[in-house]
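**Q** Here it is, the structure in full.
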Amino acid sequence: MHLYEVLRRPLVTEKNTILQELGKYVFEVHKNANKPMVKQAVQLAFKVKVEKVNIINVHGEKKRFGARMITTPSWKKAVVTLKKGDKIQIFEGI
């Protein structure tokens, strides 16, 4: 897998916006990505220094559509902690 395929999209929510003040940014990542891959991808894409990466597997939810039960797909997210003083510009002003 190429490093540009590791990061899917940034996750922008209220809770993640509060984490940005602490220097932590949240991304949806590829299902097969691991911590070293995420660290390299963020450093390459945004030219910042990553201190720590935490990865969370988000399991799909069961939803009902009439008589049918479906399960939404599972996905993976990563919380990336940057070195003090570094920022990612795409998140600023959202």
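Letters for chains follow the order of the structure tokens (A, B, ...), residue numbers begin at 1 for each chain, and ligand numbers begin at 1 in the order shown.
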Which neighbours of Met1 (chain A) fall inside 10 Å, counting only C-alpha atoms, when residues of the same chain fewer than 2 positions from it are skipped, and could you give them as a ChimeraX atom specification?
**A** /A:3-6,30,32-33,37
**Q** Which residues are near region 16-18 of chain A? Cut-off 12 Å, only C-alpha atoms, ignore same chain within fewer than 2 positions. Put them as number ranges by chain.
**A** A: 10-14, 20-27, 77-80, 91-94
**Q** Output as a list of chain:residue names all residues of region 30-79 of chain A that backbone DSSP marks as strand (DSSP E or B).
**A**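 Strand (DSSP E or B) members of region 30-79 of chain A, listed: A:Val50, A:Glu51, A:Lys52, A:Val53, A:Asn54, A:Ile55, A:Ile56, A:Asn57, A:Val58, A:Lys62, A:Lys63, A:Arg64, A:Phe65, A:Arg68, A:Met69, A:Ile70, A:Thr71, A:Trp75, A:Lys76, A:Lys77, A:Ala78, A:Val79.
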**Q** Residues within 8 Å of Glu61 (chain A), please, as a count of residues only. Count only C-alpha atoms; anything in the same chain fewer than 5 positions from it doesn't count.
**A** 3
**Q** Could you pull the residues within 12 Å of Lys47 (chain A), counting only C-alpha atoms, minus those fewer than 5 positions along the same chain, as a PyMOL selection string?
**A** chain A and resi 39-42+82-83+86-89
**Q** For the selection just defined, write its residues with C-alpha atoms to a file, as an mmCIF file, in the first residue's frame.
**A**
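Output file again.cif is given in full below:
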```cif
data_model
loop_
_atom_site.group_PDB
_atom_site.id
_atom_site.type_symbol
_atom_site.label_atom_id
_atom_site.label_comp_id
_atom_site.auth_asym_id
_atom_site.auth_seq_id
_atom_site.Cartn_x
_atom_site.Cartn_y
_atom_site.Cartn_z
ATOM 1 C CA LYS A 39 2.953 8.231 11.226
ATOM 2 C CA GLN A 40 4.905 8.226 7.946
ATOM 3 C CA ALA A 41 1.844 9.251 5.908
ATOM 4 C CA VAL A 42 1.044 12.253 8.132
ATOM 5 C CA LEU A 82 1.910 16.235 16.878
ATOM 6 C CA LYS A 83 5.085 17.706 18.331
ATOM 7 C CA ASP A 86 3.260 21.934 14.925
ATOM 8 C CA LYS A 87 -0.162 22.399 13.298
ATOM 9 C CA ILE A 88 -1.946 21.024 10.251
ATOM 10 C CA GLN A 89 -3.291 23.893 8.161
#
```
**Q** Tell me which of A:Lys15, A:Gln43, A:Pro36, A:Val29 sits closest to Asn57 (chain A), counting only C-alpha atoms.
**A**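 Going through A:Lys15, A:Gln43, A:Pro36, A:Val29 one by one, the smallest distance to Asn57 (chain A) is for A:Val29.
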**Q** In Å to one decimal, how far is CA of Lys76 (chain A) from CA of Arg64 (chain A)?
**A**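 Computing it gives 23.0 Å between the two atoms.
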